[in-house]
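S.K.: Contents of protein_26.pdb (PDB, C-alpha atoms) are given next:
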ATOM      1  CA  MET A  67     -33.314  -9.073 -21.381  1.00  0.00           C
ATOM      2  CA  THR A  68     -32.389 -10.884 -24.565  1.00  0.00           C
ATOM      3  CA  ALA A  69     -29.769 -13.621 -24.757  1.00  0.00           C
ATOM      4  CA  GLY A  70     -27.335 -11.338 -26.642  1.00  0.00           C
ATOM      5  CA  LYS A  71     -27.508  -8.589 -24.007  1.00  0.00           C
ATOM      6  CA  LYS A  72     -27.086 -11.149 -21.227  1.00  0.00           C
ATOM      7  CA  ILE A  73     -23.934 -12.576 -22.852  1.00  0.00           C
ATOM      8  CA  ILE A  74     -22.520  -9.076 -23.397  1.00  0.00           C
ATOM      9  CA  SER A  75     -23.236  -8.193 -19.741  1.00  0.00           C
ATOM     10  CA  ILE A  76     -21.431 -11.312 -18.526  1.00  0.00           C
ATOM     11  CA  VAL A  77     -18.425 -10.667 -20.794  1.00  0.00           C
ATOM     12  CA  VAL A  78     -18.197  -7.028 -19.644  1.00  0.00           C
ATOM     13  CA  ALA A  79     -18.457  -8.077 -15.976  1.00  0.00           C
ATOM     14  CA  ILE A  80     -15.694 -10.680 -16.403  1.00  0.00           C
ATOM     15  CA  ALA A  81     -13.484  -8.173 -18.251  1.00  0.00           C
ATOM     16  CA  LEU A  82     -13.948  -5.607 -15.474  1.00  0.00           C
ATOM     17  CA  LEU A  83     -13.064  -8.220 -12.831  1.00  0.00           C
ATOM     18  CA  VAL A  84      -9.916  -9.238 -14.735  1.00  0.00           C
ATOM     19  CA  ILE A  85      -8.839  -5.608 -15.218  1.00  0.00           C
ATOM     20  CA  GLY A  86      -9.522  -4.861 -11.537  1.00  0.00           C
ATOM     21  CA  GLY A  87      -7.533  -7.919 -10.492  1.00  0.00           C
ATOM     22  CA  LEU A  88      -4.572  -6.906 -12.672  1.00  0.00           C
ATOM     23  CA  ILE A  89      -4.596  -3.365 -11.295  1.00  0.00           C
ATOM     24  CA  TYR A  90      -4.704  -4.701  -7.732  1.00  0.00           C
ATOM     25  CA  TYR A  91      -1.864  -7.162  -8.392  1.00  0.00           C
ATOM     26  CA  ASN A  92       0.398  -4.602 -10.084  1.00  0.00           C
ATOM     27  CA  TYR A  93      -0.122  -1.632  -7.752  1.00  0.00           C
ATOM     28  CA  PHE A  94      -1.560  -2.716  -4.382  1.00  0.00           C
ATOM     29  CA  PHE A  95      -0.469  -6.329  -3.765  1.00  0.00           C
ATOM     30  CA  VAL A  96       2.607  -6.484  -1.498  1.00  0.00           C
ATOM     31  CA  PHE A  97       4.984  -8.663  -3.502  1.00  0.00           C
ATOM     32  CA  GLY A  98       7.693  -8.773  -0.829  1.00  0.00           C
ATOM     33  CA  GLU A  99       8.746  -7.358   2.526  1.00  0.00           C
ATOM     34  CA  GLY A 100      12.124  -7.072   4.118  1.00  0.00           C
ATOM     35  CA  VAL A 101      14.787  -5.095   5.909  1.00  0.00           C
ATOM     36  CA  LYS A 102      17.693  -3.246   4.321  1.00  0.00           C
ATOM     37  CA  ALA A 103      20.584  -1.759   6.262  1.00  0.00           C
ATOM     38  CA  GLY A 104      23.137   0.836   5.267  1.00  0.00           C
ATOM     39  CA  GLU A 105      24.227   4.445   5.316  1.00  0.00           C
ATOM     40  CA  LEU A 106      21.585   6.978   4.313  1.00  0.00           C
ATOM     41  CA  ASN A 107      22.977   8.825   1.309  1.00  0.00           C
ATOM     42  CA  TYR A 108      20.065  11.210   0.769  1.00  0.00           C
ATOM     43  CA  ILE A 109      16.342  11.737   1.088  1.00  0.00           C
ATOM     44  CA  VAL A 110      14.477  14.396  -0.884  1.00  0.00           C
ATOM     45  CA  LYS A 111      10.920  15.530  -1.474  1.00  0.00           C
ATOM     46  CA  LYS A 112      10.202  15.801  -5.188  1.00  0.00           C
ATOM     47  CA  GLY A 113       7.535  15.525  -7.844  1.00  0.00           C
ATOM     48  CA  TYR A 114       5.542  17.660 -10.253  1.00  0.00           C
ATOM     49  CA  VAL A 115       1.968  17.050  -9.117  1.00  0.00           C
ATOM     50  CA  PHE A 116       2.309  14.432  -6.386  1.00  0.00           C
ATOM     51  CA  LYS A 117       5.187  15.249  -4.008  1.00  0.00           C
ATOM     52  CA  SER A 118       6.855  12.164  -2.576  1.00  0.00           C
ATOM     53  CA  TYR A 119       9.927  11.422  -0.492  1.00  0.00           C
ATOM     54  CA  GLU A 120      12.678   9.551  -2.339  1.00  0.00           C
ATOM     55  CA  GLY A 121      15.892   8.251  -0.813  1.00  0.00           C
ATOM     56  CA  LYS A 122      18.984   6.171  -1.344  1.00  0.00           C
ATOM     57  CA  LEU A 123      20.732   3.853   1.090  1.00  0.00           C
ATOM     58  CA  ILE A 124      24.350   2.782   0.512  1.00  0.00           C
ATOM     59  CA  GLN A 125      24.712  -0.803   1.681  1.00  0.00           C
ATOM     60  CA  SER A 126      27.951  -2.104   3.091  1.00  0.00           C
ATOM     61  CA  GLY A 127      29.806  -4.925   1.436  1.00  0.00           C
ATOM     62  CA  ILE A 128      32.269  -5.319  -1.355  1.00  0.00           C
ATOM     63  CA  LYS A 129      30.992  -8.022  -3.655  1.00  0.00           C
ATOM     64  CA  SER A 130      31.571  -8.139  -7.349  1.00  0.00           C
ATOM     65  CA  ARG A 131      31.129 -10.639 -10.116  1.00  0.00           C
ATOM     66  CA  GLN A 132      34.383  -9.630 -11.748  1.00  0.00           C
ATOM     67  CA  THR A 133      37.738 -10.066 -10.022  1.00  0.00           C
ATOM     68  CA  GLY A 134      39.482  -6.833  -9.105  1.00  0.00           C
ATOM     69  CA  THR A 135      36.429  -4.550  -9.278  1.00  0.00           C
ATOM     70  CA  LEU A 136      34.243  -3.037  -6.593  1.00  0.00           C
ATOM     71  CA  GLN A 137      30.474  -2.935  -6.643  1.00  0.00           C
ATOM     72  CA  ASN A 138      28.453  -0.235  -4.938  1.00  0.00           C
ATOM     73  CA  ASN A 139      25.255  -1.673  -3.470  1.00  0.00           C
ATOM     74  CA  GLU A 140      22.530   0.967  -3.443  1.00  0.00           C
ATOM     75  CA  PHE A 141      18.923   0.708  -2.347  1.00  0.00           C
ATOM     76  CA  GLU A 142      16.619   3.357  -3.825  1.00  0.00           C
ATOM     77  CA  PHE A 143      13.280   3.726  -2.095  1.00  0.00           C
ATOM     78  CA  SER A 144      10.223   5.907  -1.503  1.00  0.00           C
ATOM     79  CA  VAL A 145       8.827   6.882   1.891  1.00  0.00           C
ATOM     80  CA  GLY A 146       5.073   7.058   2.321  1.00  0.00           C
ATOM     81  CA  ASP A 147       4.959   8.594   5.808  1.00  0.00           C
ATOM     82  CA  LYS A 148       5.969  12.249   6.254  1.00  0.00           C
ATOM     83  CA  GLN A 149       7.083  11.702   9.882  1.00  0.00           C
ATOM     84  CA  ILE A 150       9.466   8.893   8.877  1.00  0.00           C
ATOM     85  CA  ALA A 151      10.906  11.009   6.060  1.00  0.00           C
ATOM     86  CA  GLU A 152      11.462  14.010   8.330  1.00  0.00           C
ATOM     87  CA  ARG A 153      13.169  11.819  10.932  1.00  0.00           C
ATOM     88  CA  MET A 154      15.473  10.495   8.221  1.00  0.00           C
ATOM     89  CA  MET A 155      16.188  14.023   6.946  1.00  0.00           C
ATOM     90  CA  GLY A 156      17.282  15.022  10.440  1.00  0.00           C
ATOM     91  CA  ASN A 157      19.732  12.109  10.671  1.00  0.00           C
ATOM     92  CA  SER A 158      21.224  11.941   7.185  1.00  0.00           C
ATOM     93  CA  GLY A 159      24.531  10.102   6.908  1.00  0.00           C
ATOM     94  CA  LYS A 160      23.778   7.671   9.731  1.00  0.00           C
ATOM     95  CA  PHE A 161      23.414   3.891   9.594  1.00  0.00           C
ATOM     96  CA  TYR A 162      19.781   2.822   9.182  1.00  0.00           C
ATOM     97  CA  GLU A 163      17.852  -0.434   9.310  1.00  0.00           C
ATOM     98  CA  LEU A 164      14.685   0.134   7.273  1.00  0.00           C
ATOM     99  CA  HIS A 165      11.626  -2.064   6.829  1.00  0.00           C
ATOM    100  CA  TYR A 166      10.144  -1.861   3.336  1.00  0.00           C
ATOM    101  CA  LYS A 167       7.377  -3.277   1.186  1.00  0.00           C
ATOM    102  CA  GLU A 168       7.921  -4.178  -2.451  1.00  0.00           C
ATOM    103  CA  TYR A 169       5.199  -3.682  -5.044  1.00  0.00           C
ATOM    104  CA  LYS A 170       5.172  -4.752  -8.699  1.00  0.00           C
ATOM    105  CA  GLY A 171       4.590  -1.174  -9.895  1.00  0.00           C
ATOM    106  CA  SER A 172       4.783   2.352  -8.548  1.00  0.00           C
ATOM    107  CA  LEU A 173       1.989   4.888  -8.143  1.00  0.00           C
ATOM    108  CA  PRO A 174       2.595   8.656  -8.444  1.00  0.00           C
ATOM    109  CA  TRP A 175       1.254   9.475  -4.967  1.00  0.00           C
ATOM    110  CA  ARG A 176       3.217   6.615  -3.364  1.00  0.00           C
ATOM    111  CA  GLY A 177       6.549   7.541  -4.944  1.00  0.00           C
ATOM    112  CA  TYR A 178       8.749   6.706  -7.903  1.00  0.00           C
ATOM    113  CA  SER A 179      10.171   3.477  -6.507  1.00  0.00           C
ATOM    114  CA  ARG A 180       8.609   0.034  -6.213  1.00  0.00           C
ATOM    115  CA  TYR A 181      10.159  -0.140  -2.715  1.00  0.00           C
ATOM    116  CA  VAL A 182       8.266   1.805  -0.043  1.00  0.00           C
ATOM    117  CA  VAL A 183       9.796   2.225   3.421  1.00  0.00           C
ATOM    118  CA  ASP A 184       7.136   1.989   6.117  1.00  0.00           C
ATOM    119  CA  SER A 185       9.200   1.950   9.330  1.00  0.00           C
ATOM    120  CA  ILE A 186      12.654   2.474  10.814  1.00  0.00           C
ATOM    121  CA  TYR A 187      14.058  -0.337  12.935  1.00  0.00           C
ATOM    122  CA  SER A 188      17.155   1.479  14.166  1.00  0.00           C
ATOM    123  CA  VAL A 189      19.401   4.493  13.602  1.00  0.00           C
ATOM    124  CA  LYS A 190      23.077   4.342  14.606  1.00  0.00           C
ATOM    125  CA  ASP A 191      26.115   6.514  14.194  1.00  0.00           C
ATOM    126  CA  LEU A 192      28.621   5.219  11.685  1.00  0.00           C
ATOM    127  CA  PRO A 193      31.645   3.492  13.217  1.00  0.00           C
ATOM    128  CA  GLN A 194      34.810   5.576  13.011  1.00  0.00           C
TER     129      GLN A 194
END
Starting from the file, lay out its structure as structure tokens.

M.R.:
Amino acid sequence: MTAGKKIISIVVAIALLVIGGLIYYNYFFVFGEGVKAGELNYIVKKGYVFKSYEGKLIQSGIKSRQTGTLQNNEFEFSVGDKQIAERMMGNSGKFYELHYKEYKGSLPWRGYSRYVVDSIYSVKDLPQ
């Protein structure tokens, strides 16, 4: 192998490693984890090619940056597990505590949101 081909091979290998690292960081690296709690507004299965479960949680609390206005705190998420999504569909409108993982980017087969719910901590009826 000549010196020119060897240099080109090394540059291509480094470029592939950098591109692979960026793809991993943006789409597979778990950037954050946490728990969100609130009333389940909806959960739907949608998508053109890749069907995914998408939902919205309405969080309690009335905080606003401007005096005299109300702020609605919503948490939009995707659900990766069909069993979790079906359990949520059967209990819509209840108070949920959901564990989620946050990614830097979304993938079509994982859902439209960067937040992916992976488990349910608790389901409660709303207080009257």

S.K.: Between CA of Val110 in chain A and CA of Gly177 in chain A, measure the distance and give it in Å to one decimal.

M.R.: 11.2 Å

S.K.: Got a sec: who's within 8 Å of range 163-173 of chain A, counting all atoms listed in the file, leaving out chain neighbours fewer than 4 positions off, as a short mmCIF file (atom, residue, chain, number, x, y, z; two decimals) with C-alpha atoms, in the coordinates of the input?

M.R.:
data_model
loop_
_atom_site.label_atom_id
_atom_site.label_comp_id
_atom_site.auth_asym_id
_atom_site.auth_seq_id
_atom_site.Cartn_x
_atom_site.Cartn_y
_atom_site.Cartn_z
CA TYR A 91 -1.86 -7.16 -8.39
CA ASN A 92 0.40 -4.60 -10.08
CA TYR A 93 -0.12 -1.63 -7.75
CA PHE A 94 -1.56 -2.72 -4.38
CA PHE A 95 -0.47 -6.33 -3.76
CA VAL A 96 2.61 -6.48 -1.50
CA PHE A 97 4.98 -8.66 -3.50
CA GLY A 98 7.69 -8.77 -0.83
CA GLU A 99 8.75 -7.36 2.53
CA GLY A 100 12.12 -7.07 4.12
CA VAL A 101 14.79 -5.10 5.91
CA LYS A 102 17.69 -3.25 4.32
CA ALA A 103 20.58 -1.76 6.26
CA GLY A 104 23.14 0.84 5.27
CA GLY A 177 6.55 7.54 -4.94
CA TYR A 178 8.75 6.71 -7.90
CA SER A 179 10.17 3.48 -6.51
CA ARG A 180 8.61 0.03 -6.21
CA TYR A 181 10.16 -0.14 -2.72
CA VAL A 182 8.27 1.80 -0.04
CA VAL A 183 9.80 2.22 3.42
CA ASP A 184 7.14 1.99 6.12
CA SER A 185 9.20 1.95 9.33
CA ILE A 186 12.65 2.47 10.81
CA TYR A 187 14.06 -0.34 12.94
CA SER A 188 17.16 1.48 14.17
CA VAL A 189 19.40 4.49 13.60
#

S.K.: May I have the residues within 10 Å of Met155 in chain A as a CSV table (one decimal) with C-alpha atoms, in the coordinates of the input, using all atoms listed in the file and disregarding those fewer than 5 positions away in the same chain?

M.R.:
chain,number,residue,atom,x,y,z
A,106,LEU,CA,21.6,7.0,4.3
A,108,TYR,CA,20.1,11.2,0.8
A,109,ILE,CA,16.3,11.7,1.1
A,110,VAL,CA,14.5,14.4,-0.9
A,121,GLY,CA,15.9,8.3,-0.8
A,149,GLN,CA,7.1,11.7,9.9
A,150,ILE,CA,9.5,8.9,8.9

S.K.: Residues within 9 Å of (19.5, 1.8, -2.5), file coordinates, counting all atoms listed in the file: what are they? Give the list as an MDAnalysis selection string.

M.R.: chainID A and resid 102 104 106:107 121:125 139:143

S.K.: So the first atom is CA of Trp175 in chain A and the second is CA of Ser118 in chain A; what is the distance between them in Å, to one decimal place?

M.R.: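 Between CA of Trp175 in chain A and CA of Ser118 in chain A the gap works out to 6.7 Å.
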
S.K.: May I have the centre and edge lengths, in Å to one decimal, of an axis-aligned box around the listed atoms of range 142-152 of chain A with 5 Å added to every side, as lines of an AutoDock Vina configuration file?

M.R.:
center_x = 10.8
center_y = 8.7
center_z = 3.0
size_x = 21.7
size_y = 20.7
size_z = 23.7

S.K.: Just give me the gap between CA of Ser126 in chain A and CA of Asp191 in chain A in Å, one decimal is fine.

M.R.: 14.2 Å

S.K.: Between A:Gly146, A:Pro193, A:Gly159, A:Gly87, which one has atoms that come closest to Phe116 in chain A, using all atoms listed in the file?

M.R.: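 For Phe116 in chain A, the nearest of the given residues is A:Gly146.
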
S.K.: Select, from A:Arg176, A:Arg153, A:Ser75, A:Glu105, the residue with the minimum atom-to-atom distance to Glu120 in chain A, counting only C-alpha atoms.

M.R.: A:Arg176

S.K.: Which residue is closest to Phe161 in chain A? Choose from A:Leu192, A:Ala79, A:Leu88, A:Ile73 and count all atoms listed in the file.

M.R.: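 Smallest distance to Phe161 in chain A is found for A:Leu192.
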
S.K.: Nearest to Ala151 in chain A: which of A:Lys117, A:Ala69, A:Val77, A:Lys111 is it, counting all atoms listed in the file?

M.R.: A:Lys111
